[in-house]
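Source file: work_39.csv. Holds: CSV, C-alpha atoms.
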```csv
chain,number,residue,atom,x,y,z
A,983,GLU,CA,-55.7,-5.0,57.0
A,984,GLU,CA,-53.1,-5.9,59.7
A,985,ALA,CA,-53.6,-5.5,63.4
A,986,GLY,CA,-51.0,-3.3,64.8
A,987,HIS,CA,-52.4,-2.5,68.3
A,988,SER,CA,-54.2,-4.6,70.9
A,989,ASP,CA,-56.0,-1.6,72.4
A,990,HIS,CA,-57.4,1.8,71.4
A,991,VAL,CA,-55.4,3.8,68.9
A,992,LEU,CA,-54.8,7.3,70.5
A,993,CYS,CA,-52.8,9.1,67.8
A,994,LEU,CA,-51.8,9.0,64.2
A,995,CYS,CA,-49.4,10.9,61.8
A,996,THR,CA,-48.1,10.6,58.3
A,997,HIS,CA,-44.8,11.6,56.8
A,998,ALA,CA,-44.7,14.7,54.6
A,999,ARG,CA,-42.0,13.4,52.3
A,1000,VAL,CA,-41.9,9.6,52.5
A,1001,GLU,CA,-45.0,8.3,50.7
A,1002,GLY,CA,-46.8,5.6,52.6
A,1003,LEU,CA,-44.9,6.1,55.9
A,1004,ALA,CA,-47.3,6.5,58.9
A,1005,ALA,CA,-47.1,6.0,62.6
A,1006,SER,CA,-49.7,5.2,65.3
A,1007,GLY,CA,-49.7,5.1,69.1
A,1008,GLY,CA,-52.1,3.1,71.2
A,1009,LYS,CA,-53.3,2.4,74.7
A,1010,ASP,CA,-51.2,-0.8,74.6
A,1011,ASN,CA,-48.1,1.4,75.2
A,1012,ALA,CA,-46.9,0.7,71.7
A,1013,LEU,CA,-45.8,2.8,68.7
A,1014,VAL,CA,-46.3,1.2,65.3
A,1015,LEU,CA,-44.6,2.3,62.1
A,1016,TRP,CA,-46.7,1.4,59.0
A,1017,ASP,CA,-46.3,0.9,55.3
A,1018,ALA,CA,-49.6,2.5,54.6
A,1019,GLU,CA,-49.6,1.7,50.9
A,1020,GLN,CA,-49.3,-2.1,51.7
A,1021,GLY,CA,-51.2,-2.0,54.9
A,1022,LYS,CA,-48.3,-3.7,56.6
A,1023,VAL,CA,-46.5,-3.1,60.0
A,1024,ARG,CA,-42.9,-2.0,59.4
A,1025,HIS,CA,-41.9,-2.0,63.0
A,1026,ARG,CA,-43.4,-2.0,66.5
A,1027,ILE,CA,-41.8,-0.2,69.4
A,1028,GLU,CA,-42.8,-0.9,73.1
A,1029,LEU,CA,-42.7,2.4,75.0
A,1030,GLY,CA,-43.9,1.4,78.5
A,1031,ARG,CA,-46.3,4.4,78.5
A,1032,ASN,CA,-49.1,5.6,76.2
A,1033,PRO,CA,-48.1,7.9,73.4
A,1034,LEU,CA,-50.7,10.8,73.4
A,1035,ASP,CA,-49.5,12.6,70.3
A,1036,LEU,CA,-47.1,11.9,67.4
A,1037,ALA,CA,-45.4,14.0,64.7
A,1038,PHE,CA,-42.7,13.4,62.1
A,1039,GLY,CA,-40.0,15.9,61.9
A,1040,HIS,CA,-39.4,18.1,58.9
A,1041,GLY,CA,-36.3,19.2,56.9
A,1042,PRO,CA,-33.1,18.0,58.4
A,1043,CYS,CA,-35.1,16.2,61.1
A,1044,ASP,CA,-37.5,14.3,58.9
A,1045,GLY,CA,-35.9,11.1,59.9
A,1046,SER,CA,-37.2,11.5,63.4
A,1047,LEU,CA,-40.5,10.7,65.0
A,1048,LEU,CA,-41.7,12.7,68.0
A,1049,ALA,CA,-43.9,11.2,70.7
A,1050,ALA,CA,-45.7,13.0,73.5
A,1051,MET,CA,-45.9,10.6,76.4
A,1052,ASP,CA,-48.3,9.9,79.2
A,1053,SER,CA,-47.0,9.5,82.7
A,1054,LEU,CA,-47.7,7.7,85.9
A,1055,PRO,CA,-48.7,9.7,89.0
A,1056,GLY,CA,-45.7,11.6,90.4
A,1057,GLU,CA,-43.7,11.2,87.2
A,1058,GLU,CA,-42.5,14.1,85.0
A,1059,GLY,CA,-43.8,13.9,81.5
A,1060,GLN,CA,-41.5,13.3,78.5
A,1061,ALA,CA,-41.3,13.9,74.8
A,1062,LEU,CA,-39.3,11.3,72.9
A,1063,VAL,CA,-37.4,11.7,69.7
A,1064,ILE,CA,-37.0,8.4,67.9
A,1065,ASP,CA,-34.9,7.6,64.8
A,1066,VAL,CA,-37.3,6.2,62.1
A,1067,GLU,CA,-34.6,4.0,60.4
A,1068,THR,CA,-32.9,2.5,63.5
A,1069,HIS,CA,-35.9,2.7,65.8
A,1070,GLN,CA,-33.5,3.9,68.5
A,1071,LEU,CA,-34.2,6.7,71.0
A,1072,ARG,CA,-32.4,9.8,70.1
A,1073,LEU,CA,-33.6,12.2,72.8
A,1074,ALA,CA,-35.8,12.0,75.9
A,1075,LEU,CA,-36.9,15.5,76.9
A,1076,SER,CA,-38.4,16.4,80.3
A,1077,ALA,CA,-41.4,18.4,79.1
A,1078,SER,CA,-43.7,18.6,82.2
A,1079,THR,CA,-43.4,19.1,85.9
A,1080,VAL,CA,-45.4,17.5,88.6
A,1081,GLY,CA,-47.2,19.5,91.4
A,1082,PRO,CA,-50.2,19.4,93.6
A,1083,GLY,CA,-53.3,18.7,91.5
A,1084,CYS,CA,-51.2,18.6,88.4
A,1085,ALA,CA,-50.8,15.6,86.1
A,1086,GLY,CA,-47.4,15.1,84.5
A,1087,HIS,CA,-48.2,14.0,81.0
A,1088,VAL,CA,-47.2,15.8,77.8
A,1089,SER,CA,-50.4,16.4,75.8
A,1090,CYS,CA,-49.2,17.5,72.4
A,1091,LEU,CA,-46.3,18.4,70.3
A,1092,HIS,CA,-45.4,20.2,67.0
A,1093,ALA,CA,-42.4,20.0,64.7
A,1094,SER,CA,-41.3,23.3,63.0
A,1095,LEU,CA,-41.4,23.3,59.2
A,1096,SER,CA,-37.7,24.3,59.2
A,1097,GLY,CA,-36.8,21.2,61.2
A,1098,GLY,CA,-34.9,23.3,63.7
A,1099,THR,CA,-37.2,23.2,66.7
A,1100,LEU,CA,-40.1,21.3,68.3
A,1101,LEU,CA,-42.8,22.4,70.7
A,1102,THR,CA,-44.5,20.6,73.5
A,1103,GLY,CA,-47.7,21.4,75.5
A,1104,ALA,CA,-48.2,19.7,78.8
A,1105,ALA,CA,-50.6,19.1,81.7
A,1106,ASP,CA,-48.8,21.6,83.9
A,1107,GLY,CA,-50.0,24.4,81.6
A,1108,SER,CA,-46.6,24.9,80.0
A,1109,VAL,CA,-45.3,25.3,76.4
A,1110,ARG,CA,-41.7,24.5,75.8
A,1111,GLN,CA,-39.6,24.9,72.7
A,1112,TYR,CA,-36.5,22.7,72.1
A,1113,CYS,CA,-33.7,22.6,69.7
A,1114,ALA,CA,-34.4,19.5,67.6
A,1115,ARG,CA,-30.7,18.7,67.2
A,1116,ASP,CA,-29.6,18.4,70.8
A,1117,GLY,CA,-32.7,18.8,72.9
A,1118,SER,CA,-31.6,22.0,74.6
A,1119,LEU,CA,-34.5,24.2,75.9
A,1120,VAL,CA,-35.1,27.3,73.8
A,1121,LEU,CA,-38.0,28.8,75.7
A,1122,GLN,CA,-40.6,27.9,78.3
A,1123,TYR,CA,-44.0,29.7,78.9
A,1124,ASN,CA,-46.5,29.0,81.6
A,1125,SER,CA,-50.0,29.7,80.4
A,1126,GLY,CA,-51.9,29.4,83.7
A,1127,MET,CA,-54.2,26.8,82.0
A,1128,ARG,CA,-54.7,23.4,83.5
A,1129,ASP,CA,-53.5,21.7,80.3
A,1130,VAL,CA,-52.1,22.8,77.0
A,1131,ASN,CA,-53.4,20.3,74.6
A,1132,LEU,CA,-52.7,22.0,71.3
A,1133,THR,CA,-49.6,24.1,70.3
A,1134,SER,CA,-48.1,25.0,67.0
A,1135,LEU,CA,-45.8,27.4,65.2
A,1136,SER,CA,-46.9,29.9,62.5
A,1137,CYS,CA,-45.7,29.0,59.0
A,1138,ASP,CA,-42.8,31.5,59.3
A,1139,GLY,CA,-41.8,30.2,62.8
A,1140,ARG,CA,-42.2,33.5,64.5
A,1141,TYR,CA,-45.4,33.0,66.5
A,1142,ILE,CA,-46.5,30.2,68.8
A,1143,GLN,CA,-50.1,29.5,69.8
A,1144,ALA,CA,-51.1,27.5,72.9
A,1145,SER,CA,-54.6,26.5,73.7
A,1146,GLY,CA,-56.2,24.1,76.1
A,1147,ASP,CA,-59.4,23.4,78.0
A,1148,ARG,CA,-60.5,27.1,78.4
A,1149,ASP,CA,-62.0,29.6,76.0
A,1150,GLU,CA,-58.7,31.2,75.2
A,1151,ALA,CA,-55.6,30.8,73.0
A,1152,HIS,CA,-52.2,32.3,74.0
A,1153,VAL,CA,-50.0,33.7,71.3
A,1154,LEU,CA,-46.3,34.2,71.8
A,1155,ASP,CA,-43.8,36.1,69.8
A,1156,THR,CA,-40.6,33.9,69.8
A,1157,ARG,CA,-38.4,37.0,70.0
A,1158,ARG,CA,-40.1,38.1,73.3
A,1159,PRO,CA,-41.6,34.9,74.8
A,1160,ASP,CA,-41.6,36.0,78.5
A,1161,ARG,CA,-45.2,37.3,78.1
A,1162,PRO,CA,-48.0,36.6,75.7
A,1163,LEU,CA,-48.4,38.9,72.7
A,1164,HIS,CA,-52.2,38.2,72.8
A,1165,VAL,CA,-54.6,36.1,74.7
A,1166,LEU,CA,-57.3,35.5,72.1
A,1167,ARG,CA,-60.7,34.9,73.8
A,1168,HIS,CA,-64.0,33.3,72.8
A,1169,GLU,CA,-67.2,33.9,74.6
A,1170,PRO,CA,-67.3,32.2,78.0
A,1171,VAL,CA,-69.6,29.2,78.4
A,1172,ALA,CA,-71.1,27.5,81.5
A,1173,GLN,CA,-69.2,24.2,80.9
A,1174,HIS,CA,-66.1,23.7,78.8
A,1175,VAL,CA,-66.3,20.7,76.5
A,1176,ASN,CA,-63.5,21.0,73.9
A,1177,GLY,CA,-61.8,24.2,74.8
A,1178,VAL,CA,-60.1,26.0,71.8
A,1179,THR,CA,-58.9,24.4,68.7
A,1180,ALA,CA,-56.6,26.5,66.4
A,1181,GLN,CA,-54.9,26.4,63.0
A,1182,TRP,CA,-52.4,28.7,61.5
A,1183,ALA,CA,-52.7,29.8,57.8
A,1184,HIS,CA,-50.2,28.1,55.5
A,1185,SER,CA,-48.9,31.2,53.8
A,1186,ALA,CA,-49.8,34.2,55.9
A,1187,GLY,CA,-47.6,34.0,59.0
A,1188,THR,CA,-49.8,36.2,61.2
A,1189,VAL,CA,-53.2,34.7,60.4
A,1190,MET,CA,-54.9,32.1,62.6
A,1191,VAL,CA,-58.3,30.5,62.9
A,1192,THR,CA,-59.9,29.3,66.1
A,1193,GLY,CA,-63.0,27.5,67.2
A,1194,SER,CA,-64.4,26.9,70.6
A,1195,ASP,CA,-67.3,25.9,72.8
A,1196,ASP,CA,-69.2,29.1,72.0
A,1197,CYS,CA,-70.0,27.5,68.6
A,1198,VAL,CA,-68.2,30.3,66.7
A,1199,VAL,CA,-65.1,30.2,64.4
A,1200,ARG,CA,-63.0,33.3,64.6
A,1201,LEU,CA,-60.4,34.7,62.3
A,1202,TRP,CA,-57.4,36.6,63.7
A,1203,ASP,CA,-54.3,38.5,62.6
A,1204,VAL,CA,-51.9,38.5,65.5
A,1205,SER,CA,-49.8,41.3,64.1
A,1206,LEU,CA,-52.6,43.8,64.9
A,1207,ALA,CA,-53.3,45.5,68.2
A,1208,GLN,CA,-56.9,44.4,67.9
A,1209,PRO,CA,-56.4,41.0,66.3
A,1210,MET,CA,-59.9,39.7,65.6
A,1211,LEU,CA,-60.8,40.1,61.9
A,1212,THR,CA,-64.2,38.5,61.9
A,1213,SER,CA,-66.4,35.7,63.5
A,1214,LEU,CA,-68.0,33.0,61.4
A,1215,PRO,CA,-71.2,31.5,62.9
A,1216,GLY,CA,-72.7,28.3,61.6
A,1217,HIS,CA,-72.6,25.8,64.4
A,1218,SER,CA,-75.2,25.0,67.1
A,1219,ALA,CA,-72.8,22.9,69.2
A,1220,PRO,CA,-69.1,23.2,70.4
A,1221,ILE,CA,-66.5,23.2,67.7
A,1222,SER,CA,-64.2,20.2,68.0
A,1223,CYS,CA,-61.8,20.5,64.9
A,1224,LEU,CA,-60.6,22.9,62.2
A,1225,ALA,CA,-58.7,22.6,59.0
A,1226,ILE,CA,-57.4,25.1,56.4
A,1227,ALA,CA,-56.8,24.2,52.8
A,1228,PRO,CA,-53.1,24.3,51.7
A,1229,ASP,CA,-53.8,27.4,49.5
A,1230,ASP,CA,-55.7,29.1,52.4
A,1231,ASP,CA,-58.8,29.4,50.3
A,1232,LEU,CA,-61.0,27.3,52.5
A,1233,VAL,CA,-61.6,27.0,56.2
A,1234,VAL,CA,-63.5,24.0,57.4
A,1235,SER,CA,-64.9,23.4,61.0
A,1236,GLY,CA,-66.4,20.4,62.6
A,1237,GLY,CA,-68.9,20.5,65.5
A,1238,ASP,CA,-70.3,18.2,68.1
A,1239,GLU,CA,-73.7,18.4,66.4
A,1240,GLY,CA,-72.4,16.3,63.6
A,1241,LYS,CA,-72.0,19.1,61.1
A,1242,VAL,CA,-69.1,20.4,59.0
A,1243,VAL,CA,-69.2,24.0,57.8
A,1244,ALA,CA,-66.8,25.3,55.1
A,1245,TYR,CA,-66.1,28.9,54.3
A,1246,SER,CA,-64.4,30.1,51.1
A,1247,ARG,CA,-62.6,33.5,51.0
A,1248,HIS,CA,-63.5,33.6,47.2
A,1249,SER,CA,-67.2,33.6,47.8
A,1250,ALA,CA,-69.3,36.7,48.3
A,1251,PRO,CA,-68.7,38.8,51.5
A,1252,SER,CA,-72.0,37.5,52.8
A,1253,VAL,CA,-70.1,34.2,53.6
A,1254,LEU,CA,-69.2,36.0,56.8
A,1255,HIS,CA,-72.8,36.3,57.7
A,1256,MET,CA,-74.0,32.7,57.1
A,1257,GLN,CA,-75.5,33.4,53.7
A,1258,SER,CA,-74.5,32.4,50.1
A,1259,GLY,CA,-70.9,31.3,50.7
A,1260,ARG,CA,-71.4,28.6,53.3
A,1261,TRP,CA,-71.5,24.9,52.9
A,1262,THR,CA,-73.0,22.5,55.4
A,1263,LEU,CA,-72.3,18.8,55.6
A,1264,GLY,CA,-73.4,16.3,58.3
A,1265,ARG,CA,-76.5,15.2,60.2
A,1266,ASP,CA,-78.6,18.1,58.9
A,1267,GLN,CA,-78.0,17.4,55.2
A,1268,ASP,CA,-76.8,14.4,53.1
A,1269,ASN,CA,-75.6,16.4,50.2
A,1270,PHE,CA,-72.6,18.7,49.9
A,1271,LEU,CA,-74.2,21.8,48.5
A,1272,SER,CA,-72.4,24.0,46.0
A,1273,GLN,CA,-73.0,27.7,46.2
A,1274,ARG,CA,-72.7,30.3,43.4
A,1275,GLY,CA,-69.3,31.8,43.2
A,1276,VAL,CA,-67.6,29.1,45.2
A,1277,LEU,CA,-67.7,25.8,43.2
A,1278,PRO,CA,-69.2,24.7,39.9
A,1279,ALA,CA,-72.4,22.7,40.5
A,1280,ALA,CA,-70.8,19.5,39.1
A,1281,ALA,CA,-67.8,19.8,41.5
A,1282,GLY,CA,-70.1,20.3,44.5
A,1283,ALA,CA,-72.5,17.5,43.8
A,1284,GLY,CA,-72.4,14.1,45.6
A,1285,HIS,CA,-73.1,12.6,48.9
A,1286,GLY,CA,-71.2,13.2,52.1
```

For the file at hand, write its structure as structure tokens.
Amino acid sequence: EEAGHSDHVLCLCTHARVEGLAASGGKDNALVLWDAEQGKVRHRIELGRNPLDLAFGHGPCDGSLLAAMDSLPGEEGQALVIDVETHQLRLALSASTVGPGCAGHVSCLHASLSGGTLLTGAADGSVRQYCARDGSLVLQYNSGMRDVNLTSLSCDGRYIQASGDRDEAHVLDTRRPDRPLHVLRHEPVAQHVNGVTAQWAHSAGTVMVTGSDDCVVRLWDVSLAQPMLTSLPGHSAPISCLAIAPDDDLVVSGGDEGKVVAYSRHSAPSVLHMQSGRWTLGRDQDNFLSQRGVLPAAAGAGHG
């Protein structure tokens, strides 16, 4: 173990191609590059502001590290593009505006799989897409939300999702970004806790999964006029995180009640109705329970 930060760690990311390369950002206004295999610090970069989100680039831009930056009152937020080898700043993008009652920080970012563009979501409710090569602005969309704290591109790069502290996720078609293709809504709640979290499928470019404070996971196909495919109950508290397996065969959600629920598309159709295809892991059960038609009993046994 090696201490890389002197205060809370706010964000982490790993490199998709370079084994063992990781980065972390902390409340000490520092960004640390790690050799994760050795547990050693490779380099420390003082930023002067807190990095709120990090991502390595892909494809021709996989030598870059992207950082979404906090801001001081009255300052515009920035997204930084840093060269991983030289540790030099390549681009500083103005990615948030400041207005009455509006913070200026950049909350999140996302690098396209092609390496051609990057997305930012900010506290002014905006989503911006930039050319990764020269930082030129490709598109800007104002969601009307107080903060966009999660944004991402579909696997084919055609659709953008933007979600925040409300019960909705905005979906844009990059060919017509002036207005949303869909505003995907969960049931309203008296008090927002986590807002909406969302994940795109890895192989189906139009399929997305969302979870929200209404304790329900929803499956969508944004190419349809009525995009909701189904809802997946299973939680008794707001949903805080989602993941989809690389082969799209498993959707996993985590909730504030300390429970993880996993759904397999290869299990019986009753998985959609909380019966034989659902796993539960967390405070309610110590064991990861295998279900018929999903995993062999030996593979499912063990403690969480």

**OP:** For range 1020-1036 of chain A, please output as an MDAnalysis selection string all residues within 8 Å (counting only C-alpha atoms; exclusion window: fewer than 2 positions along the same chain).
**Re:** chainID A and resid 983:984 986 992:995 1005:1018 1038 1047:1053 1069 1088:1091

For the residues in the current selection, export C-alpha atoms as an mmCIF file, in the frame of the given file.
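again26.cif written:
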```
data_model
loop_
_atom_site.group_PDB
_atom_site.id
_atom_site.type_symbol
_atom_site.label_atom_id
_atom_site.label_comp_id
_atom_site.auth_asym_id
_atom_site.auth_seq_id
_atom_site.Cartn_x
_atom_site.Cartn_y
_atom_site.Cartn_z
ATOM 1 C CA GLU A 983 -55.700 -5.000 57.000
ATOM 2 C CA GLU A 984 -53.100 -5.900 59.700
ATOM 3 C CA GLY A 986 -51.000 -3.300 64.800
ATOM 4 C CA LEU A 992 -54.800 7.300 70.500
ATOM 5 C CA CYS A 993 -52.800 9.100 67.800
ATOM 6 C CA LEU A 994 -51.800 9.000 64.200
ATOM 7 C CA CYS A 995 -49.400 10.900 61.800
ATOM 8 C CA ALA A 1005 -47.100 6.000 62.600
ATOM 9 C CA SER A 1006 -49.700 5.200 65.300
ATOM 10 C CA GLY A 1007 -49.700 5.100 69.100
ATOM 11 C CA GLY A 1008 -52.100 3.100 71.200
ATOM 12 C CA LYS A 1009 -53.300 2.400 74.700
ATOM 13 C CA ASP A 1010 -51.200 -0.800 74.600
ATOM 14 C CA ASN A 1011 -48.100 1.400 75.200
ATOM 15 C CA ALA A 1012 -46.900 0.700 71.700
ATOM 16 C CA LEU A 1013 -45.800 2.800 68.700
ATOM 17 C CA VAL A 1014 -46.300 1.200 65.300
ATOM 18 C CA LEU A 1015 -44.600 2.300 62.100
ATOM 19 C CA TRP A 1016 -46.700 1.400 59.000
ATOM 20 C CA ASP A 1017 -46.300 0.900 55.300
ATOM 21 C CA ALA A 1018 -49.600 2.500 54.600
ATOM 22 C CA PHE A 1038 -42.700 13.400 62.100
ATOM 23 C CA LEU A 1047 -40.500 10.700 65.000
ATOM 24 C CA LEU A 1048 -41.700 12.700 68.000
ATOM 25 C CA ALA A 1049 -43.900 11.200 70.700
ATOM 26 C CA ALA A 1050 -45.700 13.000 73.500
ATOM 27 C CA MET A 1051 -45.900 10.600 76.400
ATOM 28 C CA ASP A 1052 -48.300 9.900 79.200
ATOM 29 C CA SER A 1053 -47.000 9.500 82.700
ATOM 30 C CA HIS A 1069 -35.900 2.700 65.800
ATOM 31 C CA VAL A 1088 -47.200 15.800 77.800
ATOM 32 C CA SER A 1089 -50.400 16.400 75.800
ATOM 33 C CA CYS A 1090 -49.200 17.500 72.400
ATOM 34 C CA LEU A 1091 -46.300 18.400 70.300
#
```

**OP:** Please provide the set of residues having any atom within 10 Å of Leu1206 in chain A, restricted to only C-alpha atoms, with same-chain residues fewer than 4 positions apart removed, written as a PyMOL selection string.
**Re:** chain A and resi 1164+1188+1202+1210-1211

Mind running range 999-1111 of chain A against range 1143-1157 of chain A at 12 Å and telling me each contacting residue's nearest atom pair with the distance in Å (one decimal), counting only C-alpha atoms, chain and number ascending, as JSON lines?
```
{"residue": "A:Ser1089", "atom": "CA", "partner": "A:Gly1146", "partner_atom": "CA", "distance": 9.6}
{"residue": "A:Cys1090", "atom": "CA", "partner": "A:Ala1144", "partner_atom": "CA", "distance": 10.2}
{"residue": "A:Leu1091", "atom": "CA", "partner": "A:Ala1144", "partner_atom": "CA", "distance": 10.6}
{"residue": "A:His1092", "atom": "CA", "partner": "A:Gln1143", "partner_atom": "CA", "distance": 10.8}
{"residue": "A:Thr1099", "atom": "CA", "partner": "A:Thr1156", "partner_atom": "CA", "distance": 11.6}
{"residue": "A:Leu1101", "atom": "CA", "partner": "A:Ala1144", "partner_atom": "CA", "distance": 10.0}
{"residue": "A:Thr1102", "atom": "CA", "partner": "A:Ala1144", "partner_atom": "CA", "distance": 9.6}
{"residue": "A:Gly1103", "atom": "CA", "partner": "A:Ala1144", "partner_atom": "CA", "distance": 7.5}
{"residue": "A:Ala1104", "atom": "CA", "partner": "A:Gly1146", "partner_atom": "CA", "distance": 9.5}
{"residue": "A:Ala1105", "atom": "CA", "partner": "A:Gly1146", "partner_atom": "CA", "distance": 9.4}
{"residue": "A:Asp1106", "atom": "CA", "partner": "A:Gly1146", "partner_atom": "CA", "distance": 11.0}
{"residue": "A:Gly1107", "atom": "CA", "partner": "A:Gly1146", "partner_atom": "CA", "distance": 8.3}
{"residue": "A:Ser1108", "atom": "CA", "partner": "A:Ala1144", "partner_atom": "CA", "distance": 8.8}
{"residue": "A:Val1109", "atom": "CA", "partner": "A:Ala1144", "partner_atom": "CA", "distance": 7.1}
{"residue": "A:Arg1110", "atom": "CA", "partner": "A:Ala1144", "partner_atom": "CA", "distance": 10.3}
{"residue": "A:Gln1111", "atom": "CA", "partner": "A:Thr1156", "partner_atom": "CA", "distance": 9.5}
```

Original post:
Can you tell me, as JSON, numbers by chain, which residues sit within 12 Å of (-52.9, 40.3, 60.7) in the file's frame, using only C-alpha atoms?
Top reply: {"A": [1141, 1182, 1183, 1186, 1187, 1188, 1189, 1190, 1191, 1201, 1202, 1203, 1204, 1205, 1206, 1207, 1208, 1209, 1210, 1211, 1212]}

Subject >> Distance of CA of Ser1134 in chain A from CA of Asp1230 in chain A, expressed in Å to one decimal place >> reply: 17.0 Å

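Put simply, CA of Tyr1112 in chain A is 19.3 Å away from CA of Val1066 in chain A.
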
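Reported to one decimal place, the separation of CA of Arg1200 in chain A from CA of Leu1166 in chain A is 9.7 Å.
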
**OP:** Name the residues in contact with range 1072-1080 of chain A at a cut-off of 6 Å, using only C-alpha atoms, excluding same-chain residues fewer than 5 positions from it; report them as a list in words.
**Re:** Glu1058, Gly1059, Gln1060, Ala1061, Leu1062, Val1063, Ile1064, Gly1086 and Ala1104 of chain A

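Proximity of A:Leu1100, A:Leu1054, A:Val1000, A:Leu1224 to Val1120 in chain A, computed with only C-alpha atoms, is greatest for A:Leu1100.
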